[in-house]
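To be precise, the following lines are work-v7.csv, and they hold CSV, C-alpha atoms and all ligand atoms.
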```csv
chain,number,residue,atom,x,y,z
A,25,MET,CA,-23.8,-10.0,-27.0
A,26,ILE,CA,-22.0,-9.5,-23.7
A,27,ALA,CA,-25.0,-11.0,-21.9
A,28,ARG,CA,-24.7,-14.2,-24.0
A,29,LEU,CA,-21.0,-14.5,-23.2
A,30,LEU,CA,-21.6,-14.0,-19.5
A,31,ASP,CA,-24.4,-16.7,-19.5
A,32,LYS,CA,-22.0,-19.1,-21.2
A,33,ILE,CA,-19.3,-18.4,-18.7
A,34,LYS,CA,-21.7,-19.0,-15.8
A,35,THR,CA,-22.8,-22.3,-17.3
A,36,LEU,CA,-19.3,-23.5,-17.9
A,37,LYS,CA,-18.1,-22.3,-14.5
A,38,ASP,CA,-20.9,-24.3,-12.8
A,39,SER,CA,-20.2,-27.5,-14.8
A,40,ARG,CA,-16.4,-27.3,-14.1
A,41,LYS,CA,-17.0,-26.4,-10.4
A,42,ALA,CA,-14.8,-23.4,-11.0
A,43,VAL,CA,-14.2,-20.1,-9.3
A,44,ILE,CA,-13.1,-17.0,-11.2
A,45,LEU,CA,-10.6,-14.7,-9.4
A,46,ALA,CA,-9.7,-11.3,-10.9
A,47,HIS,CA,-7.1,-8.7,-10.0
A,48,ASN,CA,-8.2,-5.0,-9.6
A,49,TYR,CA,-6.3,-4.1,-12.8
A,50,GLN,CA,-8.5,-6.4,-15.0
A,51,PRO,CA,-10.8,-4.9,-17.6
A,52,GLY,CA,-14.1,-3.7,-16.0
A,53,GLU,CA,-16.4,-6.5,-17.4
A,54,ILE,CA,-14.0,-9.1,-16.0
A,55,GLN,CA,-13.9,-7.5,-12.5
A,56,ASP,CA,-17.7,-7.5,-12.6
A,57,LEU,CA,-18.1,-11.2,-13.5
A,58,ALA,CA,-15.4,-12.5,-11.1
A,59,ASP,CA,-16.4,-14.4,-7.9
A,60,PHE,CA,-13.7,-12.4,-6.1
A,61,CYS,CA,-11.8,-9.4,-7.3
A,62,GLY,CA,-9.0,-8.0,-5.2
A,63,ASP,CA,-5.3,-7.1,-4.6
A,64,SER,CA,-2.5,-9.6,-4.6
A,65,LEU,CA,-2.8,-10.5,-0.9
A,66,GLY,CA,-6.6,-10.9,-1.0
A,67,LEU,CA,-6.3,-13.1,-4.1
A,68,SER,CA,-3.7,-15.3,-2.5
A,69,ILE,CA,-5.9,-15.8,0.6
A,70,LYS,CA,-9.0,-16.6,-1.6
A,71,ALA,CA,-7.0,-19.0,-3.7
A,72,ALA,CA,-5.9,-20.9,-0.6
A,73,GLU,CA,-9.4,-20.9,0.9
A,74,THR,CA,-11.7,-21.8,-2.0
A,75,ASP,CA,-13.2,-25.3,-2.2
A,76,ALA,CA,-13.7,-25.0,-6.0
A,77,GLU,CA,-12.0,-27.7,-8.1
A,78,VAL,CA,-10.8,-25.2,-10.7
A,79,ILE,CA,-9.4,-21.7,-10.4
A,80,VAL,CA,-9.6,-19.4,-13.4
A,81,PHE,CA,-7.1,-16.7,-12.7
A,82,CYS,CA,-7.8,-13.4,-14.5
A,83,GLY,CA,-4.5,-11.7,-13.9
A,84,VAL,CA,-0.9,-12.5,-14.8
A,85,GLN,CA,1.3,-15.5,-14.7
A,86,PHE,CA,2.8,-15.0,-11.2
A,87,MET,CA,-0.6,-14.7,-9.7
A,88,ALA,CA,-1.8,-17.9,-11.2
A,89,GLU,CA,1.4,-19.6,-10.1
A,90,THR,CA,0.8,-18.3,-6.5
A,91,ALA,CA,-2.6,-19.9,-6.6
A,92,ALA,CA,-1.1,-23.2,-7.8
A,93,ILE,CA,1.5,-23.1,-5.0
A,94,LEU,CA,-1.2,-22.5,-2.4
A,95,SER,CA,-3.8,-24.9,-3.9
A,96,PRO,CA,-1.9,-28.0,-5.2
A,97,HIS,CA,-5.0,-30.1,-5.6
A,98,LYS,CA,-6.9,-27.6,-7.8
A,99,ARG,CA,-6.4,-27.0,-11.4
A,100,VAL,CA,-5.3,-23.4,-12.0
A,101,LEU,CA,-6.0,-21.8,-15.4
A,102,LEU,CA,-4.6,-18.6,-16.9
A,103,PRO,CA,-6.9,-17.7,-19.9
A,104,ASP,CA,-4.0,-16.2,-21.8
A,105,LYS,CA,-0.6,-18.0,-21.6
A,106,TYR,CA,1.3,-14.8,-22.6
A,107,ALA,CA,-0.1,-12.7,-19.7
A,108,GLY,CA,3.3,-12.4,-18.0
A,109,CYS,CA,4.8,-9.8,-15.7
A,110,PRO,CA,8.0,-8.1,-16.9
A,111,LEU,CA,8.7,-7.1,-13.3
A,112,ALA,CA,8.6,-10.7,-12.1
A,113,ASP,CA,11.0,-11.7,-14.9
A,114,MET,CA,13.6,-9.0,-13.9
A,115,ILE,CA,15.3,-11.5,-11.5
A,116,THR,CA,16.0,-15.1,-12.1
A,117,ALA,CA,16.6,-17.8,-9.4
A,118,GLU,CA,20.2,-18.0,-10.6
A,119,GLN,CA,20.6,-14.2,-10.1
A,120,LEU,CA,19.1,-14.4,-6.7
A,121,ARG,CA,21.4,-17.3,-5.7
A,122,GLY,CA,24.3,-15.0,-6.8
A,123,LEU,CA,23.0,-12.2,-4.6
A,124,LYS,CA,22.6,-14.5,-1.6
A,125,ARG,CA,26.2,-15.7,-2.1
A,126,ASP,CA,27.3,-12.0,-1.9
A,127,HIS,CA,25.2,-11.5,1.3
A,128,PRO,CA,25.4,-14.8,3.2
A,129,ASP,CA,23.9,-13.5,6.4
A,130,ALA,CA,20.9,-11.8,4.8
A,131,LEU,CA,17.2,-12.7,4.8
A,132,VAL,CA,15.5,-12.6,1.4
A,133,VAL,CA,12.1,-10.9,1.1
A,134,CYS,CA,10.6,-11.3,-2.3
A,135,TYR,CA,7.6,-9.3,-3.6
A,136,VAL,CA,4.8,-11.6,-4.7
A,137,ASN,CA,5.4,-10.3,-8.3
A,138,SER,CA,8.1,-12.9,-8.8
A,139,THR,CA,8.5,-16.3,-10.3
A,140,ALA,CA,7.8,-19.5,-8.4
A,141,GLU,CA,11.6,-20.3,-8.6
A,142,VAL,CA,12.5,-16.9,-7.0
A,143,LYS,CA,9.9,-17.5,-4.3
A,144,ALA,CA,11.5,-20.9,-3.7
A,145,GLU,CA,14.9,-19.2,-3.1
A,146,SER,CA,13.4,-16.6,-0.7
A,147,ASP,CA,12.8,-16.6,3.0
A,148,TYR,CA,9.7,-14.5,3.0
A,149,CYS,CA,7.2,-13.4,0.4
A,150,CYS,CA,5.2,-10.1,0.7
A,151,THR,CA,2.7,-8.1,-1.2
A,152,SER,CA,2.5,-4.3,-1.4
A,153,SER,CA,-0.1,-4.3,1.4
A,154,ASN,CA,2.0,-6.2,3.9
A,155,ALA,CA,5.6,-5.6,2.9
A,156,VAL,CA,6.2,-3.2,5.8
A,157,GLU,CA,4.8,-5.6,8.4
A,158,VAL,CA,6.8,-8.5,7.0
A,159,VAL,CA,10.1,-6.6,7.1
A,160,ASN,CA,9.2,-5.2,10.6
A,161,SER,CA,8.8,-8.8,11.8
A,162,LEU,CA,12.4,-9.7,10.9
A,163,PRO,CA,15.3,-9.7,13.4
A,164,THR,CA,17.0,-6.3,13.3
A,165,GLU,CA,20.5,-7.8,13.3
A,166,ARG,CA,19.9,-9.6,9.9
A,167,PRO,CA,20.5,-7.7,6.6
A,168,ILE,CA,17.6,-7.8,4.2
A,169,LEU,CA,17.7,-8.4,0.4
A,170,PHE,CA,14.5,-7.2,-1.3
A,171,VAL,CA,13.6,-8.4,-4.8
A,172,PRO,CA,12.6,-7.6,-7.5
A,173,ASP,CA,10.9,-4.2,-7.2
A,174,ARG,CA,13.3,-1.5,-6.1
A,175,HIS,CA,10.5,1.2,-5.7
A,176,LEU,CA,8.5,-1.0,-3.3
A,177,GLY,CA,11.7,-1.9,-1.6
A,178,GLN,CA,12.7,1.8,-1.1
A,179,PHE,CA,9.2,2.5,0.3
A,180,VAL,CA,9.7,-0.4,2.8
A,181,SER,CA,13.1,0.9,3.7
A,182,ASN,CA,11.7,4.4,4.3
A,183,GLU,CA,8.8,3.1,6.4
A,184,THR,CA,10.8,0.6,8.5
A,185,GLY,CA,14.1,2.5,8.8
A,186,ARG,CA,15.9,-0.7,7.8
A,187,ASP,CA,18.9,-0.7,5.5
A,188,ILE,CA,17.8,-2.9,2.6
A,189,VAL,CA,19.7,-4.2,-0.4
A,190,LEU,CA,17.5,-3.4,-3.4
A,191,TRP,CA,17.4,-5.4,-6.6
A,192,PRO,CA,17.0,-2.9,-9.6
A,193,GLY,CA,13.6,-4.2,-10.9
A,194,TYR,CA,10.6,-2.1,-11.6
A,195,CYS,CA,7.1,-2.2,-13.0
A,196,ARG,CA,7.0,-0.9,-16.5
A,197,THR,CA,3.4,0.4,-16.1
A,198,HIS,CA,4.0,2.3,-12.8
A,199,VAL,CA,7.1,4.0,-14.0
A,200,THR,CA,5.2,5.5,-16.9
A,201,ILE,CA,3.6,7.8,-14.3
A,202,THR,CA,5.9,10.8,-14.1
A,203,LYS,CA,6.6,13.6,-11.6
A,204,GLU,CA,5.2,16.0,-14.3
A,205,ASP,CA,2.0,14.1,-14.5
A,206,MET,CA,1.6,14.5,-10.7
A,207,ILE,CA,2.4,18.2,-10.7
A,208,ALA,CA,-0.2,18.8,-13.5
A,209,ALA,CA,-2.9,16.7,-11.8
A,210,ARG,CA,-2.4,18.4,-8.5
A,211,GLU,CA,-2.5,21.8,-10.1
A,212,LYS,CA,-5.7,21.0,-12.0
A,213,TYR,CA,-7.4,19.4,-9.0
A,214,PRO,CA,-5.9,21.1,-5.9
A,215,ASP,CA,-8.7,19.7,-3.6
A,216,ALA,CA,-8.1,16.0,-4.6
A,217,ILE,CA,-6.5,13.4,-2.4
A,218,VAL,CA,-3.6,11.7,-4.2
A,219,MET,CA,-3.3,7.9,-3.8
A,220,ALA,CA,-0.2,6.3,-5.3
A,221,HIS,CA,0.9,2.7,-5.4
A,222,PRO,CA,4.3,2.0,-3.8
A,223,GLU,CA,5.6,0.6,-7.1
A,224,CYS,CA,5.6,4.2,-8.4
A,225,THR,CA,8.9,6.0,-8.6
A,226,GLU,CA,10.2,8.0,-5.6
A,227,PRO,CA,9.4,11.5,-7.1
A,228,VAL,CA,5.8,10.4,-7.8
A,229,LYS,CA,5.4,9.0,-4.3
A,230,GLU,CA,6.7,12.2,-2.8
A,231,LEU,CA,3.9,14.1,-4.5
A,232,SER,CA,1.2,11.8,-3.1
A,233,ASP,CA,-0.9,11.9,0.1
A,234,GLU,CA,-1.4,8.2,0.6
A,235,LEU,CA,0.8,5.2,-0.5
A,236,LEU,CA,-1.5,2.2,-0.8
A,237,SER,CA,-1.9,-1.2,-2.4
A,238,THR,CA,-4.8,-1.5,-4.8
A,239,GLY,CA,-7.0,-3.2,-2.1
A,240,GLN,CA,-6.0,-0.4,0.4
A,241,MET,CA,-7.0,2.2,-2.2
A,242,LEU,CA,-10.5,0.7,-2.5
A,243,LYS,CA,-10.8,0.7,1.3
A,244,PHE,CA,-9.4,4.2,1.8
A,245,ALA,CA,-11.8,5.7,-0.9
A,246,ALA,CA,-14.8,3.8,0.5
A,247,GLU,CA,-14.2,5.2,4.0
A,248,SER,CA,-13.1,8.7,3.0
A,249,ASP,CA,-15.4,11.8,3.1
A,250,ALA,CA,-13.4,13.3,0.1
A,251,THR,CA,-15.2,13.4,-3.3
A,252,ARG,CA,-12.2,13.8,-5.6
A,253,PHE,CA,-9.1,11.5,-5.9
A,254,ILE,CA,-6.1,11.3,-8.1
A,255,VAL,CA,-5.1,7.7,-8.7
A,256,ALA,CA,-1.5,6.9,-9.4
A,257,THR,CA,-1.6,3.2,-10.4
A,258,GLU,CA,-2.8,1.0,-13.3
A,259,VAL,CA,-6.0,2.6,-14.6
A,260,GLY,CA,-8.2,-0.6,-14.2
A,261,ILE,CA,-8.8,0.0,-10.6
A,262,ILE,CA,-10.8,3.2,-11.4
A,263,HIS,CA,-13.7,0.9,-12.6
A,264,THR,CA,-14.3,-0.5,-9.1
A,265,LEU,CA,-13.5,2.8,-7.3
A,266,LYS,CA,-16.3,4.5,-9.3
A,267,LYS,CA,-18.6,1.6,-8.7
A,268,GLN,CA,-18.2,1.8,-4.9
A,269,ARG,CA,-18.2,5.6,-4.7
A,270,PRO,CA,-20.5,6.8,-7.6
A,271,ASP,CA,-20.7,10.2,-5.8
A,272,ALA,CA,-16.9,10.8,-6.1
A,273,GLN,CA,-14.6,11.6,-9.0
A,274,PHE,CA,-11.5,9.5,-9.7
A,275,ILE,CA,-8.8,10.8,-12.0
A,276,ALA,CA,-6.0,8.7,-13.4
A,277,ALA,CA,-2.6,10.4,-12.7
A,278,SER,CA,-1.7,9.2,-16.2
A,279,ASP,CA,-3.8,7.5,-18.9
A,280,ARG,CA,-0.6,5.8,-20.0
A,281,ALA,CA,-0.6,3.6,-16.9
A,282,VAL,CA,-2.2,0.6,-18.7
A,283,CYS,CA,-0.7,-2.9,-18.1
A,284,PRO,CA,-0.8,-4.6,-21.5
A,285,ASN,CA,-0.6,-8.0,-19.8
A,286,MET,CA,-3.5,-7.5,-17.5
A,287,LYS,CA,-5.6,-6.4,-20.5
A,288,LYS,CA,-4.9,-9.7,-22.4
A,289,ILE,CA,-7.7,-11.5,-20.6
A,290,THR,CA,-11.0,-11.3,-22.4
A,291,LEU,CA,-14.5,-12.9,-22.1
A,292,ASP,CA,-13.8,-15.1,-25.1
A,293,LYS,CA,-10.6,-16.3,-23.6
A,294,ILE,CA,-12.3,-17.2,-20.3
A,295,ILE,CA,-14.8,-19.3,-22.2
A,296,ALA,CA,-12.0,-21.1,-24.1
A,297,SER,CA,-10.2,-21.6,-20.9
A,298,LEU,CA,-13.2,-23.3,-19.2
A,299,GLU,CA,-14.1,-25.3,-22.3
A,300,ASP,CA,-10.6,-26.6,-23.0
A,301,MET,CA,-9.1,-26.4,-19.5
A,302,ILE,CA,-6.3,-24.1,-20.8
A,303,TYR,CA,-3.8,-22.8,-20.0
A,304,GLU,CA,-3.0,-24.9,-16.9
A,305,VAL,CA,-0.3,-23.4,-14.7
A,306,ILE,CA,1.8,-26.2,-13.1
A,307,VAL,CA,4.6,-25.5,-10.6
A,308,PRO,CA,7.0,-28.5,-10.2
A,309,GLU,CA,6.5,-30.1,-6.8
A,310,GLU,CA,10.0,-29.5,-5.5
A,311,THR,CA,9.8,-25.7,-6.4
A,312,ARG,CA,6.2,-25.5,-5.1
A,313,VAL,CA,7.1,-26.9,-1.6
A,314,ARG,CA,10.0,-24.4,-1.2
A,315,ALA,CA,8.0,-21.5,-2.6
A,316,ARG,CA,5.1,-22.4,-0.3
A,317,LYS,CA,7.3,-21.8,2.7
A,318,SER,CA,8.0,-18.2,1.8
A,319,LEU,CA,4.2,-17.6,1.2
A,320,ASP,CA,3.3,-19.4,4.5
A,321,ARG,CA,5.8,-17.2,6.4
A,322,MET,CA,4.1,-14.1,4.9
A,323,VAL,CA,0.7,-15.3,6.0
A,324,GLU,CA,1.9,-16.0,9.5
A,325,THR,CA,2.9,-12.3,9.9
A,326,LEU,CA,-0.6,-11.2,9.2
A,327,PRO,CA,-2.7,-10.0,12.1
A,328,ALA,CA,-5.2,-12.7,13.2
A,329,LYS,CA,-8.7,-12.2,11.8
B,1,LIG,P1,-1.6,-5.0,-5.3
B,1,LIG,O1,-2.9,-5.4,-6.0
B,1,LIG,O2,-1.2,-6.0,-4.3
B,1,LIG,O3,-1.6,-3.6,-4.9
B,1,LIG,O4,-0.4,-5.2,-6.4
B,1,LIG,C1,-0.4,-4.5,-7.6
B,1,LIG,C2,0.4,-5.1,-8.6
B,1,LIG,O5,1.3,-4.5,-9.1
B,1,LIG,C3,0.0,-6.4,-9.1
B,1,LIG,O6,0.8,-6.7,-10.2
```

I need this file expressed as structure tokens, please.
Amino acid sequence: MIARLLDKIKTLKDSRKAVILAHNYQPGEIQDLADFCGDSLGLSIKAAETDAEVIVFCGVQFMAETAAILSPHKRVLLPDKYAGCPLADMITAEQLRGLKRDHPDALVVCYVNSTAEVKAESDYCCTSSNAVEVVNSLPTERPILFVPDRHLGQFVSNETGRDIVLWPGYCRTHVTITKEDMIAAREKYPDAIVMAHPECTEPVKELSDELLSTGQMLKFAAESDATRFIVATEVGIIHTLKKQRPDAQFIAASDRAVCPNMKKITLDKIIASLEDMIYEVIVPEETRVRARKSLDRMVETLPAK
């Protein structure tokens, strides 16, 4: 049954000259079929580089929007139009304009988990894997507004020593992981290395050994000699962690850390997406051009390859 669906996706993908991009939180079978699976930064770079005519984005709305901002001549499809990101919706462009009026000298850094309109109002975009580098690249005399994730913002403030005005947004999935979950997991597996995503709450991060984006977790585990890891992020990443390190054990800090939006993408919906070219994500040109600037500034702060 699954083999038949995968064959169909392959045929449709070839006829549409499409590429399938998937985030590390996608269901396992979708990570496996994707042409590229990665973290938010890796996906942004792939979306900008690909010469495919169509991008099927297996992720959530803001990720598909980012692809549309970076690749205006490609058609970007999100297989489920309701796959949103509550964190991205926690600040509107209007709210950000208000914040900027209150801090007229500040530079705005927005997490990539934000709407295109918010990116358009921001000076710099960042992902969890480069937020520290982006903030470190900014002039020290300028105040910084960080939106919308306050936990990532706090992590960046701790790492850079910069005073940052934080917007009170948060990821509903990451905040389900509690301090008690971490204490219990550490007690049960005292030899394990604990990897946590910076979107986790401060008490959870304090009980972790490594604070890493999803892409950095995969790299860290691949290069580590350890054979047991506690993973404090969305559980989908454990699929690829196990695939690349079959000799190691990966334990979810909390089985509740499941993003319902990431799990909306299914094989059937990918087929429908390629057959009917749905749901196309279109960013109005005026917003796209302004949002692109904040993404370009983020990419400029990356070390040269
Ligand atoms: P990264 O994949 O960049 O670590 O981001 C995780 C995330 O929260 C995506 O919504």

- Message: Taking 2 positions as the minimum chain separation for residues in the same chain, which residues sit within 8 Å of Ile275 of chain A when counting only C-alpha atoms? Answer as an MDAnalysis selection string.
- Response: chainID A and resid 252:255 262 273 277

- Task: May I ask which of the residues A:Gly122, A:Pro128, A:Gly83, A:Pro222 is the closest one to Ser152 of chain A, counting only C-alpha atoms?
- Result: A:Pro222

- For segment 197-214 of chain A, list every protein, DNA or RNA residue within 12 Å, evaluated using all atoms listed in the file, and leave out those in the same chain fewer than 2 positions away; present the list as a count of residues only. 53

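Atom to atom, atom CA of Thr311 of chain A and atom CA of Asn137 of chain A stand 16.1 Å apart.
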
Grab me every residue within 6 Å of ligand LIG 1 (chain B), counting all atoms listed in the file, and send it over as an mmCIF file with C-alpha atoms, in the frame of the given file.
```cif
data_model
loop_
_atom_site.group_PDB
_atom_site.id
_atom_site.type_symbol
_atom_site.label_atom_id
_atom_site.label_comp_id
_atom_site.auth_asym_id
_atom_site.auth_seq_id
_atom_site.Cartn_x
_atom_site.Cartn_y
_atom_site.Cartn_z
ATOM 1 C CA ASP A 63 -5.300 -7.100 -4.600
ATOM 2 C CA SER A 64 -2.500 -9.600 -4.600
ATOM 3 C CA LEU A 65 -2.800 -10.500 -0.900
ATOM 4 C CA THR A 151 2.700 -8.100 -1.200
ATOM 5 C CA SER A 152 2.500 -4.300 -1.400
ATOM 6 C CA SER A 237 -1.900 -1.200 -2.400
ATOM 7 C CA THR A 238 -4.800 -1.500 -4.800
#
```

- Message: For Asp300 of chain A, find every residue with an atom within 12 Å (counting only C-alpha atoms), except residues of its own chain fewer than 4 positions away, and show them as a list in words.
- Response: Leu36, Arg40, Leu101, Leu102, Pro103, Lys293, Ile294, Ile295, Ala296 and Glu304 of chain A

- Message: Applying 10 Å and all atoms listed in the file, which residues near Leu131 of chain A remain after dropping the ones on its own chain fewer than 2 positions away? List them as a PyMOL selection string.
- Response: chain A and resi 124+127-129+133-134+146-148+159+162-163+166-170

Keeping only C-alpha atoms, write the selected residues as a PDB file, in the frame of the given file.
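again-v7.pdb, written as the output of this step:
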```pdb
ATOM      1  CA  LYS A 124      22.600 -14.500  -1.600  1.00  0.00           C
ATOM      2  CA  HIS A 127      25.200 -11.500   1.300  1.00  0.00           C
ATOM      3  CA  PRO A 128      25.400 -14.800   3.200  1.00  0.00           C
ATOM      4  CA  ASP A 129      23.900 -13.500   6.400  1.00  0.00           C
ATOM      5  CA  VAL A 133      12.100 -10.900   1.100  1.00  0.00           C
ATOM      6  CA  CYS A 134      10.600 -11.300  -2.300  1.00  0.00           C
ATOM      7  CA  SER A 146      13.400 -16.600  -0.700  1.00  0.00           C
ATOM      8  CA  ASP A 147      12.800 -16.600   3.000  1.00  0.00           C
ATOM      9  CA  TYR A 148       9.700 -14.500   3.000  1.00  0.00           C
ATOM     10  CA  VAL A 159      10.100  -6.600   7.100  1.00  0.00           C
ATOM     11  CA  LEU A 162      12.400  -9.700  10.900  1.00  0.00           C
ATOM     12  CA  PRO A 163      15.300  -9.700  13.400  1.00  0.00           C
ATOM     13  CA  ARG A 166      19.900  -9.600   9.900  1.00  0.00           C
ATOM     14  CA  PRO A 167      20.500  -7.700   6.600  1.00  0.00           C
ATOM     15  CA  ILE A 168      17.600  -7.800   4.200  1.00  0.00           C
ATOM     16  CA  LEU A 169      17.700  -8.400   0.400  1.00  0.00           C
ATOM     17  CA  PHE A 170      14.500  -7.200  -1.300  1.00  0.00           C
TER      18      PHE A 170
END
```

- Quick one, how far is atom CA of Leu298 of chain A from atom CA of Arg316 of chain A? 26.3 Å

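From atom CA of Ile44 of chain A back to atom CA of Arg269 of chain A, the distance works out to 24.1 Å.
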
- Protein and nucleic acid residues near (-15.4, -3.2, -9.3) (cut-off 12 Å, all atoms listed in the file) as number ranges by chain: A: 46-63, 238-239, 242, 260-270

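Distances to Ala92 of chain A were evaluated for A:Gly177, A:Arg312, A:Val156, A:Ile33 using all atoms listed in the file, and the minimum falls at A:Arg312.
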
Dump N, CA and C atoms of segment 202-226 of chain A from the given block, as a PDB file, in the first residue's frame.
```pdb
ATOM      1  N   THR A 202       8.333  19.558  30.423  1.00  0.00           N
ATOM      2  CA  THR A 202       8.444  20.232  31.719  1.00  0.00           C
ATOM      3  C   THR A 202       9.777  19.905  32.411  1.00  0.00           C
ATOM      4  N   LYS A 203      10.050  20.704  33.424  1.00  0.00           N
ATOM      5  CA  LYS A 203      11.217  20.469  34.274  1.00  0.00           C
ATOM      6  C   LYS A 203      11.131  19.063  34.900  1.00  0.00           C
ATOM      7  N   GLU A 204       9.915  18.668  35.291  1.00  0.00           N
ATOM      8  CA  GLU A 204       9.717  17.345  35.912  1.00  0.00           C
ATOM      9  C   GLU A 204      10.055  16.229  34.913  1.00  0.00           C
ATOM     10  N   ASP A 205       9.662  16.416  33.634  1.00  0.00           N
ATOM     11  CA  ASP A 205      10.028  15.426  32.599  1.00  0.00           C
ATOM     12  C   ASP A 205      11.547  15.270  32.552  1.00  0.00           C
ATOM     13  N   MET A 206      12.237  16.387  32.623  1.00  0.00           N
ATOM     14  CA  MET A 206      13.698  16.356  32.487  1.00  0.00           C
ATOM     15  C   MET A 206      14.339  15.668  33.695  1.00  0.00           C
ATOM     16  N   ILE A 207      13.813  15.988  34.887  1.00  0.00           N
ATOM     17  CA  ILE A 207      14.388  15.373  36.093  1.00  0.00           C
ATOM     18  C   ILE A 207      14.170  13.857  36.032  1.00  0.00           C
ATOM     19  N   ALA A 208      12.957  13.446  35.644  1.00  0.00           N
ATOM     20  CA  ALA A 208      12.654  12.009  35.576  1.00  0.00           C
ATOM     21  C   ALA A 208      13.537  11.313  34.536  1.00  0.00           C
ATOM     22  N   ALA A 209      13.691  11.930  33.361  1.00  0.00           N
ATOM     23  CA  ALA A 209      14.498  11.299  32.302  1.00  0.00           C
ATOM     24  C   ALA A 209      15.965  11.202  32.725  1.00  0.00           C
ATOM     25  N   ARG A 210      16.467  12.240  33.360  1.00  0.00           N
ATOM     26  CA  ARG A 210      17.871  12.217  33.795  1.00  0.00           C
ATOM     27  C   ARG A 210      18.093  11.169  34.882  1.00  0.00           C
ATOM     28  N   GLU A 211      17.100  11.030  35.761  1.00  0.00           N
ATOM     29  CA  GLU A 211      17.235  10.043  36.834  1.00  0.00           C
ATOM     30  C   GLU A 211      17.229   8.626  36.268  1.00  0.00           C
ATOM     31  N   LYS A 212      16.348   8.413  35.267  1.00  0.00           N
ATOM     32  CA  LYS A 212      16.227   7.079  34.669  1.00  0.00           C
ATOM     33  C   LYS A 212      17.454   6.725  33.816  1.00  0.00           C
ATOM     34  N   TYR A 213      18.008   7.733  33.126  1.00  0.00           N
ATOM     35  CA  TYR A 213      19.142   7.478  32.222  1.00  0.00           C
ATOM     36  C   TYR A 213      20.293   8.424  32.582  1.00  0.00           C
ATOM     37  N   PRO A 214      20.950   8.178  33.730  1.00  0.00           N
ATOM     38  CA  PRO A 214      21.972   9.148  34.183  1.00  0.00           C
ATOM     39  C   PRO A 214      23.160   9.264  33.231  1.00  0.00           C
ATOM     40  N   ASP A 215      23.379   8.259  32.374  1.00  0.00           N
ATOM     41  CA  ASP A 215      24.532   8.308  31.459  1.00  0.00           C
ATOM     42  C   ASP A 215      24.202   9.036  30.146  1.00  0.00           C
ATOM     43  N   ALA A 216      22.935   9.410  29.948  1.00  0.00           N
ATOM     44  CA  ALA A 216      22.543   9.969  28.641  1.00  0.00           C
ATOM     45  C   ALA A 216      22.983  11.428  28.499  1.00  0.00           C
ATOM     46  N   ILE A 217      23.246  11.822  27.247  1.00  0.00           N
ATOM     47  CA  ILE A 217      23.487  13.240  26.940  1.00  0.00           C
ATOM     48  C   ILE A 217      22.129  13.860  26.632  1.00  0.00           C
ATOM     49  N   VAL A 218      21.858  15.019  27.227  1.00  0.00           N
ATOM     50  CA  VAL A 218      20.548  15.651  27.034  1.00  0.00           C
ATOM     51  C   VAL A 218      20.668  16.789  26.027  1.00  0.00           C
ATOM     52  N   MET A 219      19.952  16.629  24.902  1.00  0.00           N
ATOM     53  CA  MET A 219      19.940  17.680  23.869  1.00  0.00           C
ATOM     54  C   MET A 219      18.578  18.363  23.933  1.00  0.00           C
ATOM     55  N   ALA A 220      18.564  19.689  24.014  1.00  0.00           N
ATOM     56  CA  ALA A 220      17.286  20.411  24.055  1.00  0.00           C
ATOM     57  C   ALA A 220      17.288  21.512  23.000  1.00  0.00           C
ATOM     58  N   HIS A 221      16.085  21.806  22.507  1.00  0.00           N
ATOM     59  CA  HIS A 221      15.924  22.882  21.522  1.00  0.00           C
ATOM     60  C   HIS A 221      15.811  24.207  22.278  1.00  0.00           C
ATOM     61  N   PRO A 222      16.385  25.294  21.738  1.00  0.00           N
ATOM     62  CA  PRO A 222      16.286  26.584  22.451  1.00  0.00           C
ATOM     63  C   PRO A 222      14.853  27.096  22.621  1.00  0.00           C
ATOM     64  N   GLU A 223      13.882  26.528  21.912  1.00  0.00           N
ATOM     65  CA  GLU A 223      12.485  26.935  22.126  1.00  0.00           C
ATOM     66  C   GLU A 223      11.912  26.372  23.433  1.00  0.00           C
ATOM     67  N   CYS A 224      12.664  25.475  24.112  1.00  0.00           N
ATOM     68  CA  CYS A 224      12.188  24.945  25.403  1.00  0.00           C
ATOM     69  C   CYS A 224      12.232  26.047  26.458  1.00  0.00           C
ATOM     70  N   THR A 225      11.514  25.821  27.550  1.00  0.00           N
ATOM     71  CA  THR A 225      11.497  26.820  28.630  1.00  0.00           C
ATOM     72  C   THR A 225      12.864  26.854  29.336  1.00  0.00           C
ATOM     73  N   GLU A 226      13.107  27.907  30.077  1.00  0.00           N
ATOM     74  CA  GLU A 226      14.409  28.081  30.732  1.00  0.00           C
ATOM     75  C   GLU A 226      14.731  26.927  31.703  1.00  0.00           C
TER      76      GLU A 226
END
```
